[in-house]
file coords.txt (compact mmCIF, C-alpha atoms)
# COMPACT_ATOMS: atom_id res chain seq x y z
CA MET A 1 27.36 -13.43 -31.84
CA VAL A 2 24.26 -11.25 -31.84
CA ARG A 3 22.02 -14.27 -31.31
CA LYS A 4 24.12 -15.37 -28.34
CA LEU A 5 23.96 -11.89 -26.81
CA VAL A 6 20.17 -11.76 -27.21
CA ARG A 7 19.81 -15.20 -25.59
CA GLU A 8 21.97 -14.10 -22.67
CA LYS A 9 19.88 -10.92 -22.17
CA LEU A 10 16.61 -12.85 -22.34
CA GLY A 11 17.89 -15.50 -19.96
CA LYS A 12 19.01 -12.87 -17.48
CA ALA A 13 15.64 -11.10 -17.70
CA ASN A 14 13.74 -14.35 -17.15
CA ARG A 15 15.68 -14.93 -13.93
CA ASP A 16 14.84 -11.47 -12.61
CA VAL A 17 11.47 -11.95 -10.90
CA HIS A 18 11.04 -8.27 -10.08
CA PHE A 19 11.80 -7.17 -13.65
CA LEU A 20 9.30 -9.69 -15.02
CA GLU A 21 6.69 -8.34 -12.58
CA LEU A 22 7.48 -4.79 -13.72
CA LEU A 23 7.28 -5.79 -17.39
CA LYS A 24 4.05 -7.74 -17.03
CA GLY A 25 2.32 -5.14 -14.85
CA SER A 26 3.39 -2.19 -16.97
CA SER A 27 2.34 -3.97 -20.18
CA ILE A 28 -1.17 -4.50 -18.84
CA SER A 29 -1.30 -0.94 -17.60
CA PHE A 30 0.03 0.35 -20.92
CA VAL A 31 -2.73 -1.32 -22.93
CA LEU A 32 -5.45 -0.06 -20.60
CA LYS A 33 -3.86 3.38 -20.43
CA ILE A 34 -3.88 3.62 -24.23
CA PHE A 35 -7.54 2.59 -24.27
CA GLY A 36 -8.35 5.10 -21.53
CA MET A 37 -6.51 7.91 -23.29
CA GLY A 38 -8.36 7.04 -26.48
CA ALA A 39 -11.66 7.37 -24.61
CA GLY A 40 -10.43 10.65 -23.11
CA TYR A 41 -9.46 12.10 -26.48
CA ALA A 42 -12.77 10.95 -27.95
CA LEU A 43 -14.58 12.70 -25.09
CA THR A 44 -12.57 15.90 -25.58
CA TRP A 45 -13.20 15.83 -29.33
CA TYR A 46 -16.93 15.21 -28.84
CA ILE A 47 -17.31 18.13 -26.42
CA SER A 48 -15.28 20.46 -28.64
CA GLU A 49 -17.14 19.41 -31.80
CA TYR A 50 -20.72 19.50 -30.49
CA TYR A 51 -20.47 21.99 -27.61
CA GLY A 52 -17.52 24.22 -28.60
CA ALA A 53 -14.30 25.44 -26.98
CA ILE A 54 -16.14 27.62 -24.44
CA VAL A 55 -18.15 24.71 -22.98
CA LEU A 56 -15.00 22.53 -23.02
CA GLY A 57 -13.23 25.23 -21.04
CA LYS A 58 -16.06 25.44 -18.49
CA TYR A 59 -16.07 21.65 -18.19
CA VAL A 60 -12.32 21.66 -17.48
CA LEU A 61 -12.63 24.45 -14.88
CA ALA A 62 -15.47 22.58 -13.13
CA LEU A 63 -13.34 19.42 -13.03
CA ILE A 64 -10.51 21.39 -11.44
CA VAL A 65 -12.87 22.67 -8.73
CA LEU A 66 -14.11 19.13 -8.06
CA GLN A 67 -10.58 17.71 -7.91
CA VAL A 68 -9.34 20.45 -5.58
CA PHE A 69 -12.07 19.83 -2.99
CA SER A 70 -11.80 16.05 -3.39
CA MET A 71 -8.06 16.34 -2.81
CA PHE A 72 -8.71 17.93 0.58
CA GLY A 73 -11.36 15.29 1.20
CA LYS A 74 -8.85 12.45 0.90
CA ALA A 75 -6.07 14.51 2.54
CA GLY A 76 -3.23 12.43 1.09
CA LEU A 77 -4.64 9.24 2.63
CA ASP A 78 -4.80 7.54 -0.77
CA ILE A 79 -1.00 7.65 -1.27
CA ALA A 80 -0.33 7.00 2.43
CA LEU A 81 -2.53 3.90 2.20
CA LEU A 82 -0.72 2.83 -0.97
CA ARG A 83 2.56 2.96 0.92
CA PHE A 84 1.24 1.20 4.04
CA ILE A 85 -0.57 -1.59 2.21
CA ALA A 86 2.40 -2.31 -0.06
CA SER A 87 4.76 -2.39 2.94
CA PHE A 88 2.44 -4.37 5.26
CA SER A 89 1.60 -6.95 2.60
CA ALA A 90 5.33 -7.50 1.92
CA GLN A 91 5.78 -8.09 5.68
CA GLU A 92 2.51 -10.13 5.91
CA LYS A 93 1.07 -7.82 8.57
CA TRP A 94 -2.52 -8.44 7.46
CA GLY A 95 -4.25 -7.23 10.62
CA MET A 96 -2.42 -3.91 10.52
CA LEU A 97 -3.18 -3.61 6.80
CA ARG A 98 -6.91 -4.07 7.42
CA ASN A 99 -6.88 -1.57 10.29
CA ALA A 100 -5.06 1.02 8.16
CA TYR A 101 -7.68 0.66 5.42
CA GLN A 102 -10.65 0.99 7.79
CA LYS A 103 -9.30 4.08 9.52
CA SER A 104 -8.32 5.71 6.21
CA VAL A 105 -11.85 5.30 4.87
CA ALA A 106 -13.37 6.70 8.07
CA LEU A 107 -11.08 9.74 7.94
CA THR A 108 -11.86 10.26 4.26
CA LEU A 109 -15.61 10.29 4.88
CA ILE A 110 -15.22 12.88 7.64
CA LEU A 111 -12.79 15.12 5.76
CA SER A 112 -14.66 14.99 2.44
CA THR A 113 -17.90 15.95 4.23
CA LEU A 114 -16.10 18.94 5.75
CA SER A 115 -14.80 19.78 2.29
CA VAL A 116 -18.38 19.95 0.97
CA PHE A 117 -19.31 22.39 3.75
CA VAL A 118 -16.34 24.58 2.86
CA MET A 119 -17.40 24.52 -0.77
CA TYR A 120 -20.93 25.51 0.20
CA PHE A 121 -19.92 28.48 2.38
CA PHE A 122 -17.08 29.81 0.23
CA GLY A 123 -18.37 28.92 -3.23
CA GLY A 124 -19.33 32.52 -3.99
CA GLN A 125 -15.74 33.73 -3.69
CA LEU A 126 -14.62 30.88 -5.94
CA LEU A 127 -17.12 31.79 -8.64
CA THR A 128 -15.90 35.39 -8.49
CA LEU A 129 -12.45 34.17 -9.52
CA LEU A 130 -13.66 31.69 -12.16
CA LYS A 131 -15.99 34.15 -13.80
CA ASP A 132 -17.20 31.80 -16.55
CA LEU A 133 -18.66 29.29 -14.07
CA ASN A 134 -22.03 29.72 -12.30
CA ASP A 135 -23.86 28.33 -9.27
CA ALA A 136 -25.15 25.33 -11.21
CA TYR A 137 -21.64 23.97 -11.72
CA LEU A 138 -20.84 24.42 -8.02
CA ASN A 139 -24.06 22.71 -6.91
CA TRP A 140 -23.36 19.67 -9.06
CA ALA A 141 -19.73 19.57 -7.89
CA MET A 142 -20.81 19.43 -4.23
CA LEU A 143 -22.72 16.22 -4.96
CA PHE A 144 -19.63 14.49 -6.29
CA VAL A 145 -16.90 15.46 -3.77
CA ILE A 146 -17.46 12.57 -1.33
CA PRO A 147 -17.70 9.81 -3.98
CA MET A 148 -14.66 11.28 -5.77
CA SER A 149 -12.61 11.11 -2.55
CA ILE A 150 -13.71 7.50 -1.95
CA TYR A 151 -12.82 6.72 -5.56
CA PHE A 152 -9.20 7.83 -5.11
CA ILE A 153 -8.78 5.85 -1.87
CA HIS A 154 -9.93 2.56 -3.38
CA VAL A 155 -8.10 2.94 -6.67
CA GLN A 156 -4.81 3.18 -4.77
CA CYS A 157 -5.74 0.10 -2.69
CA PHE A 158 -5.80 -2.00 -5.85
CA ARG A 159 -2.50 -0.47 -6.89
CA ALA A 160 -0.90 -1.32 -3.54
CA PHE A 161 -1.88 -4.98 -3.97
CA LYS A 162 -0.42 -4.83 -7.50
CA LYS A 163 -3.81 -5.73 -8.97
CA ILE A 164 -2.83 -3.81 -12.08
CA LYS A 165 -5.77 -4.78 -14.28
CA GLN A 166 -8.27 -3.42 -11.79
CA PHE A 167 -6.18 -0.38 -10.94
CA SER A 168 -5.57 0.55 -14.58
CA PHE A 169 -9.20 0.10 -15.57
CA TYR A 170 -10.60 2.18 -12.73
CA MET A 171 -7.84 4.80 -12.86
CA ASN A 172 -7.45 5.24 -16.62
CA VAL A 173 -10.45 3.84 -18.45
CA ALA A 174 -13.61 3.98 -16.35
CA LEU A 175 -14.15 7.73 -15.93
CA PRO A 176 -13.55 8.93 -19.53
CA LEU A 177 -15.38 5.92 -21.00
CA PHE A 178 -18.45 6.18 -18.75
CA THR A 179 -18.53 9.97 -19.14
CA LEU A 180 -18.56 9.64 -22.91
CA LEU A 181 -21.33 7.03 -22.77
CA PHE A 182 -23.49 9.16 -20.46
CA LEU A 183 -22.92 12.22 -22.66
CA LEU A 184 -23.87 10.31 -25.81
CA TYR A 185 -27.04 9.18 -24.06
CA PHE A 186 -27.96 12.71 -22.98
CA THR A 187 -27.29 14.04 -26.49
CA ASN A 188 -29.74 11.57 -28.00
CA TYR A 189 -32.25 11.56 -25.15
CA PRO A 190 -32.57 15.15 -23.86
CA VAL A 191 -33.05 15.70 -20.13
CA ALA A 192 -34.10 18.70 -18.06
CA ILE A 193 -30.53 19.89 -17.51
CA GLU A 194 -28.96 22.96 -19.06
CA THR A 195 -27.11 21.91 -22.22
CA GLU A 196 -23.70 23.30 -21.25
CA LEU A 197 -23.84 21.39 -17.96
CA LEU A 198 -24.27 17.99 -19.61
CA PRO A 199 -20.52 17.16 -19.96
CA PHE A 200 -19.86 17.86 -16.27
CA VAL A 201 -23.00 16.06 -15.07
CA SER A 202 -21.99 13.08 -17.21
CA TYR A 203 -18.60 13.08 -15.49
CA GLY A 204 -20.26 13.11 -12.07
CA LEU A 205 -22.50 10.19 -12.95
CA ALA A 206 -19.43 8.34 -14.24
CA ILE A 207 -17.84 8.83 -10.79
CA LEU A 208 -20.89 7.36 -9.06
CA LEU A 209 -20.95 4.33 -11.35
CA THR A 210 -17.19 3.78 -11.02
CA VAL A 211 -17.26 4.03 -7.21
CA SER A 212 -20.09 1.48 -7.08
CA LEU A 213 -18.06 -0.99 -9.15
CA LEU A 214 -14.93 -0.25 -7.10
CA LEU A 215 -16.63 -0.97 -3.78
CA ILE A 216 -18.07 -4.24 -5.05
CA SER A 217 -14.62 -5.36 -6.28
CA TRP A 218 -12.72 -4.18 -3.23
CA THR A 219 -15.11 -5.74 -0.71
CA LYS A 220 -14.22 -9.17 -2.08
CA THR A 221 -10.54 -8.42 -1.53
CA ILE A 222 -10.63 -6.94 1.96
CA LEU A 223 -13.02 -9.61 3.31
CA SER A 224 -10.31 -12.21 2.77
CA TYR A 225 -8.39 -10.57 5.64
CA ARG A 226 -11.26 -10.45 8.15
CA SER A 227 -9.78 -13.37 10.12
CA ALA A 228 -6.37 -11.69 10.46
CA ILE A 229 -5.19 -10.96 13.99
CA TYR A 230 -6.09 -7.35 14.80
CA GLU A 231 -3.10 -4.98 14.92
CA GLU A 232 -3.54 -1.32 15.71
CA ILE A 233 -2.24 1.52 13.58
CA SER A 234 -2.83 4.94 15.07
CA TYR A 235 -4.71 7.81 13.48
CA LYS A 236 -1.68 9.94 14.37
CA LEU A 237 0.61 7.79 12.20
CA LEU A 238 -1.85 7.83 9.31
CA LEU A 239 -2.25 11.60 9.43
CA SER A 240 1.43 12.32 10.03
CA THR A 241 2.13 10.38 6.83
CA SER A 242 -0.80 11.63 4.79
CA LEU A 243 -0.74 15.36 5.55
CA PRO A 244 2.70 15.97 4.00
CA LEU A 245 1.43 13.96 1.04
CA LEU A 246 -1.65 16.19 0.93
CA LEU A 247 0.59 19.21 0.61
CA SER A 248 2.60 17.44 -2.08
CA GLN A 249 -0.60 16.57 -3.93
CA SER A 250 -1.79 20.15 -3.54
CA MET A 251 1.39 21.42 -5.09
CA SER A 252 1.20 18.82 -7.87
CA LEU A 253 -2.35 19.89 -8.57
CA ILE A 254 -1.34 23.54 -8.61
CA ILE A 255 1.53 22.76 -10.99
CA GLY A 256 -0.70 20.64 -13.21
CA TRP A 257 -3.74 22.93 -13.25
CA THR A 258 -2.36 26.41 -12.52
CA ASP A 259 -2.11 27.29 -16.20
CA GLN A 260 -5.75 26.46 -16.84
CA ILE A 261 -6.98 28.01 -13.59
CA MET A 262 -5.13 31.26 -14.29
CA LEU A 263 -6.27 31.27 -17.90
CA GLY A 264 -9.80 30.93 -16.50
CA THR A 265 -9.26 33.98 -14.27
CA MET A 266 -7.07 36.12 -16.57
CA ALA A 267 -8.38 35.08 -19.99
CA THR A 268 -11.49 33.18 -21.18
CA ALA A 269 -13.06 29.74 -21.00
CA GLN A 270 -12.32 29.37 -24.71
CA ASP A 271 -8.58 29.80 -24.01
CA VAL A 272 -8.87 27.11 -21.33
CA GLY A 273 -10.51 24.77 -23.86
CA VAL A 274 -7.80 25.32 -26.48
CA TYR A 275 -5.04 24.88 -23.90
CA ASN A 276 -6.63 21.68 -22.57
CA VAL A 277 -6.52 20.05 -26.01
CA ALA A 278 -2.81 20.88 -26.35
CA PHE A 279 -2.20 19.62 -22.81
CA LYS A 280 -3.90 16.29 -23.48
CA PHE A 281 -1.85 15.67 -26.60
CA SER A 282 1.36 16.55 -24.73
CA LEU A 283 0.62 13.70 -22.30
CA LEU A 284 0.82 11.05 -25.03
CA PRO A 285 4.60 10.47 -24.69
CA THR A 286 4.16 9.91 -20.93
CA VAL A 287 1.82 6.95 -21.34
CA VAL A 288 4.63 4.47 -20.59
CA LEU A 289 5.75 6.54 -17.59
CA MET A 290 2.23 6.35 -16.15
CA ALA A 291 1.92 2.65 -17.02
CA ILE A 292 5.21 1.76 -15.35
CA ASN A 293 4.43 3.93 -12.31
CA SER A 294 1.32 1.84 -11.72
CA ILE A 295 3.41 -1.23 -10.82
CA ALA A 296 6.77 0.37 -9.94
CA THR A 297 5.39 2.57 -7.15
CA PRO A 298 4.34 -0.28 -4.81
CA LYS A 299 7.60 -2.05 -5.74
CA PHE A 300 9.55 1.01 -4.53
CA ALA A 301 7.71 0.81 -1.19
CA GLU A 302 8.29 -2.96 -1.04
CA PHE A 303 12.06 -2.70 -1.56
CA PHE A 304 12.39 0.21 0.87
CA GLY A 305 10.24 -1.57 3.47
CA LYS A 306 12.65 -4.55 3.32
CA GLY A 307 15.71 -2.26 3.42
CA ASP A 308 16.83 -3.44 -0.04
CA LEU A 309 18.33 -0.25 -1.51
CA GLU A 310 20.22 -2.22 -4.15
CA GLY A 311 16.94 -3.70 -5.39
CA LEU A 312 15.36 -0.24 -5.31
CA GLU A 313 18.13 1.19 -7.47
CA LYS A 314 17.89 -1.69 -9.94
CA MET A 315 14.11 -1.35 -10.20
CA THR A 316 14.46 2.41 -10.75
CA LYS A 317 16.99 2.03 -13.56
CA GLN A 318 15.03 -0.72 -15.27
CA SER A 319 11.84 1.34 -15.23
CA THR A 320 13.49 4.58 -16.41
CA LYS A 321 15.21 2.80 -19.29
CA MET A 322 11.89 1.39 -20.50
CA ILE A 323 10.30 4.84 -20.22
CA PHE A 324 13.09 6.50 -22.21
CA TRP A 325 12.93 4.21 -25.24
CA PHE A 326 9.23 4.88 -25.69
CA SER A 327 8.88 8.52 -24.72
CA VAL A 328 11.61 10.00 -26.93
CA PRO A 329 10.42 8.49 -30.27
CA ALA A 330 6.78 9.19 -29.31
CA SER A 331 7.61 12.83 -28.55
CA VAL A 332 9.34 13.28 -31.90
CA LEU A 333 6.38 11.78 -33.79
CA ILE A 334 3.82 13.95 -32.00
CA ILE A 335 5.90 17.09 -32.59
CA LEU A 336 6.14 16.29 -36.31
CA PHE A 337 2.45 15.46 -36.72
CA ARG A 338 0.89 17.83 -34.20
CA ASP A 339 -0.83 19.95 -36.87
CA TYR A 340 -2.32 16.81 -38.41
CA LEU A 341 -3.71 15.74 -35.01
CA LEU A 342 -5.22 19.17 -34.41
CA GLY A 343 -6.88 18.97 -37.82
CA PHE A 344 -9.51 16.67 -36.30
CA PHE A 345 -10.71 19.53 -34.08
CA PRO A 346 -12.62 22.68 -35.08
CA ASP A 347 -10.59 25.59 -36.53
CA GLU A 348 -10.60 27.46 -33.20
CA PHE A 349 -8.12 24.88 -31.87
CA ALA A 350 -5.45 25.48 -34.56
CA SER A 351 -3.57 27.86 -32.23
CA ALA A 352 -2.77 24.91 -29.95
CA SER A 353 0.10 23.77 -32.23
CA LEU A 354 2.89 25.84 -30.65
CA ILE A 355 1.45 25.18 -27.18
CA MET A 356 1.77 21.44 -27.81
CA LEU A 357 5.43 21.82 -28.78
CA VAL A 358 6.32 23.66 -25.56
CA LEU A 359 4.38 21.29 -23.31
CA ILE A 360 5.85 18.16 -24.94
CA ILE A 361 9.37 19.40 -24.19
CA GLY A 362 8.43 19.67 -20.51
CA GLN A 363 6.84 16.23 -20.47
CA LEU A 364 9.90 14.75 -22.19
CA VAL A 365 12.09 15.87 -19.29
CA ASN A 366 9.48 14.39 -16.93
CA SER A 367 9.83 11.02 -18.68
CA VAL A 368 13.63 10.98 -18.97
CA VAL A 369 14.27 11.51 -15.23
CA GLY A 370 11.80 8.75 -14.26
CA SER A 371 9.43 8.30 -11.31
CA VAL A 372 11.24 10.72 -9.00
CA GLY A 373 8.20 11.94 -7.06
CA TYR A 374 6.96 8.45 -6.27
CA ILE A 375 10.45 7.29 -5.27
CA LEU A 376 10.68 10.09 -2.70
CA GLN A 377 7.15 9.44 -1.39
CA MET A 378 7.66 5.67 -1.10
CA THR A 379 11.04 5.94 0.66
CA GLY A 380 10.11 8.25 3.54
CA HIS A 381 11.21 11.48 1.86
CA GLN A 382 7.72 12.88 1.40
CA LEU A 383 8.64 16.10 3.22
CA ILE A 384 11.44 16.85 0.75
CA CYS A 385 9.12 16.00 -2.12
CA GLN A 386 6.59 18.38 -0.60
CA ASN A 387 9.12 21.22 -0.30
CA ILE A 388 10.33 20.86 -3.88
CA LEU A 389 6.73 20.87 -5.09
CA ILE A 390 5.96 24.00 -3.06
CA VAL A 391 8.85 25.88 -4.67
CA SER A 392 7.85 24.59 -8.09
CA ALA A 393 4.22 25.59 -7.56
CA ILE A 394 5.18 29.11 -6.48
CA MET A 395 7.46 29.35 -9.49
CA ASN A 396 4.61 28.26 -11.76
CA VAL A 397 2.17 30.83 -10.34
CA VAL A 398 4.69 33.68 -10.61
CA LEU A 399 5.63 32.77 -14.19
CA ASN A 400 1.95 32.57 -15.17
CA LEU A 401 1.30 36.00 -13.67
CA VAL A 402 4.18 37.43 -15.67
CA LEU A 403 3.81 35.53 -18.95
CA ILE A 404 0.03 35.21 -19.52
CA PRO A 405 -0.59 38.97 -19.86
CA GLU A 406 2.31 39.18 -22.32
CA PHE A 407 1.98 35.96 -24.33
CA GLY A 408 -1.50 34.59 -23.53
CA ILE A 409 -1.86 30.81 -23.86
CA LEU A 410 1.79 30.46 -24.91
CA GLY A 411 2.85 32.15 -21.67
CA ALA A 412 0.92 29.56 -19.67
CA ALA A 413 2.67 26.76 -21.56
CA LEU A 414 6.13 28.28 -20.98
CA ALA A 415 5.38 28.63 -17.27
CA SER A 416 4.29 24.99 -17.05
CA MET A 417 7.35 23.71 -18.92
CA SER A 418 9.78 25.71 -16.76
CA SER A 419 8.32 24.62 -13.42
CA MET A 420 8.10 20.99 -14.57
CA VAL A 421 11.77 20.90 -15.58
CA PHE A 422 12.82 22.51 -12.28
CA GLN A 423 10.72 20.08 -10.24
CA ASN A 424 11.95 16.90 -11.90
CA VAL A 425 15.64 17.82 -12.09
CA THR A 426 15.69 18.93 -8.44
CA MET A 427 14.05 15.69 -7.26
CA MET A 428 16.49 13.64 -9.34
CA LEU A 429 19.49 15.42 -7.79
CA TYR A 430 18.11 14.93 -4.27
CA ILE A 431 17.63 11.19 -4.87
CA ARG A 432 21.25 11.02 -6.05
CA LYS A 433 22.37 12.74 -2.85
CA ARG A 434 20.25 10.72 -0.37
CA LEU A 435 19.87 7.31 -2.02
CA GLY A 436 23.10 7.27 -3.98
CA PHE A 437 21.96 6.79 -7.57
CA TYR A 438 20.69 8.75 -10.56
CA THR A 439 17.20 7.97 -11.81
CA MET A 440 17.77 9.52 -15.24
CA TYR A 441 18.50 7.32 -18.25
CA LEU A 442 20.32 8.60 -21.32
CA PRO A 443 22.23 6.31 -23.72
CA PHE A 444 25.42 8.36 -23.29
CA PHE A 445 24.85 8.91 -19.55
CA ASN A 446 24.12 5.37 -18.38
CA LYS A 447 26.01 2.26 -19.23
call {"tool": "encode", "arguments": {"input": "coords.txt", "output": "structure tokens"}}
result
Amino acid sequence: MVRKLVREKLGKANRDVHFLELLKGSSISFVLKIFGMGAGYALTWYISEYYGAIVLGKYVLALIVLQVFSMFGKAGLDIALLRFIASFSAQEKWGMLRNAYQKSVALTLILSTLSVFVMYFFGGQLLTLLKDLNDAYLNWAMLFVIPMSIYFIHVQCFRAFKKIKQFSFYMNVALPLFTLLFLLYFTNYPVAIETELLPFVSYGLAILLTVSLLLISWTKTILSYRSAIYEEISYKLLLSTSLPLLLSQSMSLIIGWTDQIMLGTMATAQDVGVYNVAFKFSLLPTVVLMAINSIATPKFAEFFGKGDLEGLEKMTKQSTKMIFWFSVPASVLIILFRDYLLGFFPDEFASASLIMLVLIIGQLVNSVVGSVGYILQMTGHQLICQNILIVSAIMNVVLNLVLIPEFGILGAALASMSSMVFQNVTMMLYIRKRLGFYTMYLPFFNK
């Protein structure tokens, strides 16, 4: 009986082309994501062990600054291009696809250059807020804003074409791996750069190397469409799609980094370093969520572009179910062994144990409700996604202002967990209202 049931399930799965694509793509992404996270944890451990929590905190704050200005440099065009390429390729509109790519890159170069000028003229005010950073960090960051913006654009191009190996390598593996390799080199072969700057400079060089490899790979792909009949897509359409996404990305960045930014302004760089270690470990249960998102996101756009809401619902439920059965056991294991994991770090990181517990609870909710943000963005509901993120970001800032003075690092973690739960549950309920189905999977909730 059991054998017959298993055969029926396997036979049904083998006939579902979209599910097989999801399973294959997410499996590749999962392996590369695990490898990339391993490189990231190794990098974090190396910085904490040989440079200390204070330098790790400064490194994290400098990365936040770089990502903020790069975010304005790409202005949401990376996710807009992901949506357009996935939709145009499904409809075989190759000329329009090529035109959308070319105009997105041109806009990114202009906007990221403007972002560097803003950083140059207003950097002093920024350093006043982030008191542990100095001019040297800002100067190096200005060099990397344009390549970082170009990096994000081209990574999402590979994702849109469902080239999951390339996307997963460049998105998850390349930067932490190359940063670690550069840092190891600088440790053994000293250079005329201030010691505490070496982790951030290594990251910047990793961006330059990764962008070079990306452009070489992508050129081979886009040249195959040079003979396509030219079809115009307006700058107005690109920007009207990307700017709401920029605001959504801004809010996501605020939600994701507010705790560490506000710890950097209200506490110390050492607190930022300790919090960052706890934050990285809390992301472990979401590895399947991120792996599945890599292939599911363009599939969402593909189904919506064809008007296949039934296929969209089925893809959503299949992906969320896979996420659930990994994230829950993984969360339990990490909670049970969190003190053991922290034992690999210097004693100053022992206080991260309770922080990990709080953050993992928030990430668990994130996993259980599924890819709600991407579903909204890929189905034309980016404005609603943006509004929910704005409310969540404001909530996060207010809670940090209230809780950090009272509870320190724990207060930052509680603020992050609360805003994350609010954001994901609200998006899930909106999808139920507008698209007619729940994204959440629970054994007693879904049949």
call {"tool": "residues_around", "arguments": {"input": "coords.txt", "residues": "Gln270 of chain A", "least_positions_apart": "3", "cutoff": "6 Å", "atoms": "only C-alpha atoms", "output": "list in words"}}
result
Ala53, Ile54, Gly57 and Gly273 of chain A
call {"tool": "residues_near_point", "arguments": {"input": "coords.txt", "point": "(-22.7, 21.0, -16.0)", "cutoff": "9 Å", "atoms": "all atoms listed in the file", "output": "list in words"}}
result
Lys58, Tyr59, Ala62, Ala136, Tyr137, Leu138, Trp140, Ala141, Ile193, Glu194, Thr195, Glu196, Leu197, Leu198, Pro199, Phe200, Val201, Ser202 and Tyr203 of chain A
call {"tool": "closest_residue", "arguments": {"input": "coords.txt", "among": "A:Gly95, A:Gly256, A:Gly73, A:Gly264", "to": "Leu114 of chain A", "atoms": "all atoms listed in the file"}}
result
A:Gly73
call {"tool": "closest_residue", "arguments": {"input": "coords.txt", "among": "A:Ile85, A:Met440, A:Leu215, A:Ala80", "to": "Ser367 of chain A", "atoms": "all atoms listed in the file"}}
result
A:Met440
call {"tool": "atom_distance", "arguments": {"input": "coords.txt", "atom1": "atom CA of Ser168 of chain A", "atom2": "atom CA of Ser327 of chain A"}}
result
19.4 Å
call {"tool": "closest_residue", "arguments": {"input": "coords.txt", "among": "A:Phe161, A:Met420, A:Phe344, A:Phe169", "to": "Trp94 of chain A", "atoms": "all atoms listed in the file"}}
result
A:Phe161
call {"tool": "closest_atom_pairs", "arguments": {"input": "coords.txt", "of": "segment 237-341 of chain A", "to": "segment 30-51 of chain A", "cutoff": "10 Å", "atoms": "only C-alpha atoms", "output": "Markdown table"}}
result
| residue | atom | partner | partner_atom | distance |
| --- | --- | --- | --- | --- |
| A:Gly273 | CA | A:Ser48 | CA | 8.0 |
| A:Val274 | CA | A:Ser48 | CA | 9.2 |
| A:Asn276 | CA | A:Thr44 | CA | 8.8 |
| A:Val277 | CA | A:Thr44 | CA | 7.3 |
| A:Lys280 | CA | A:Tyr41 | CA | 7.6 |
| A:Phe281 | CA | A:Tyr41 | CA | 8.4 |
| A:Leu283 | CA | A:Met37 | CA | 9.2 |
| A:Leu284 | CA | A:Met37 | CA | 8.2 |
| A:Val287 | CA | A:Lys33 | CA | 6.8 |
| A:Val288 | CA | A:Phe30 | CA | 6.2 |
| A:Leu289 | CA | A:Phe30 | CA | 9.1 |
| A:Met290 | CA | A:Phe30 | CA | 8.0 |
| A:Ala291 | CA | A:Phe30 | CA | 4.9 |
| A:Ile292 | CA | A:Phe30 | CA | 7.7 |
| A:Ser294 | CA | A:Phe30 | CA | 9.4 |
call {"tool": "residues_around", "arguments": {"input": "coords.txt", "residues": "Thr179 of chain A", "least_positions_apart": "2", "cutoff": "7 Å", "atoms": "all atoms listed in the file", "output": "number ranges by chain"}}
result
A: 175-177, 181-183, 202-203, 206
call {"tool": "build_atoms", "arguments": {"input": "coords.txt", "residues": "segment 107-114 of chain A", "atoms": "N, CA, C and O atoms", "output": "PDB file, in the coordinates of the input"}}
result
ATOM      1  N   LEU A 107     -11.608   8.375   8.017  1.00  0.00           N
ATOM      2  CA  LEU A 107     -11.080   9.740   7.940  1.00  0.00           C
ATOM      3  C   LEU A 107     -11.485  10.430   6.651  1.00  0.00           C
ATOM      4  O   LEU A 107     -11.829  11.624   6.640  1.00  0.00           O
ATOM      5  N   THR A 108     -11.485   9.685   5.560  1.00  0.00           N
ATOM      6  CA  THR A 108     -11.860  10.260   4.260  1.00  0.00           C
ATOM      7  C   THR A 108     -13.304  10.704   4.244  1.00  0.00           C
ATOM      8  O   THR A 108     -13.635  11.772   3.710  1.00  0.00           O
ATOM      9  N   LEU A 109     -14.190   9.912   4.828  1.00  0.00           N
ATOM     10  CA  LEU A 109     -15.610  10.290   4.880  1.00  0.00           C
ATOM     11  C   LEU A 109     -15.805  11.570   5.694  1.00  0.00           C
ATOM     12  O   LEU A 109     -16.573  12.458   5.302  1.00  0.00           O
ATOM     13  N   ILE A 110     -15.096  11.679   6.800  1.00  0.00           N
ATOM     14  CA  ILE A 110     -15.220  12.880   7.640  1.00  0.00           C
ATOM     15  C   ILE A 110     -14.664  14.103   6.926  1.00  0.00           C
ATOM     16  O   ILE A 110     -15.318  15.159   6.842  1.00  0.00           O
ATOM     17  N   LEU A 111     -13.462  13.978   6.375  1.00  0.00           N
ATOM     18  CA  LEU A 111     -12.790  15.120   5.760  1.00  0.00           C
ATOM     19  C   LEU A 111     -13.474  15.561   4.465  1.00  0.00           C
ATOM     20  O   LEU A 111     -13.559  16.763   4.179  1.00  0.00           O
ATOM     21  N   SER A 112     -13.984  14.613   3.692  1.00  0.00           N
ATOM     22  CA  SER A 112     -14.660  14.990   2.440  1.00  0.00           C
ATOM     23  C   SER A 112     -16.003  15.664   2.734  1.00  0.00           C
ATOM     24  O   SER A 112     -16.430  16.560   1.996  1.00  0.00           O
ATOM     25  N   THR A 113     -16.664  15.263   3.823  1.00  0.00           N
ATOM     26  CA  THR A 113     -17.900  15.950   4.230  1.00  0.00           C
ATOM     27  C   THR A 113     -17.599  17.390   4.633  1.00  0.00           C
ATOM     28  O   THR A 113     -18.322  18.322   4.251  1.00  0.00           O
ATOM     29  N   LEU A 114     -16.522  17.580   5.390  1.00  0.00           N
ATOM     30  CA  LEU A 114     -16.100  18.940   5.750  1.00  0.00           C
ATOM     31  C   LEU A 114     -15.758  19.750   4.501  1.00  0.00           C
ATOM     32  O   LEU A 114     -16.046  20.955   4.429  1.00  0.00           O
TER      33      LEU A 114
END
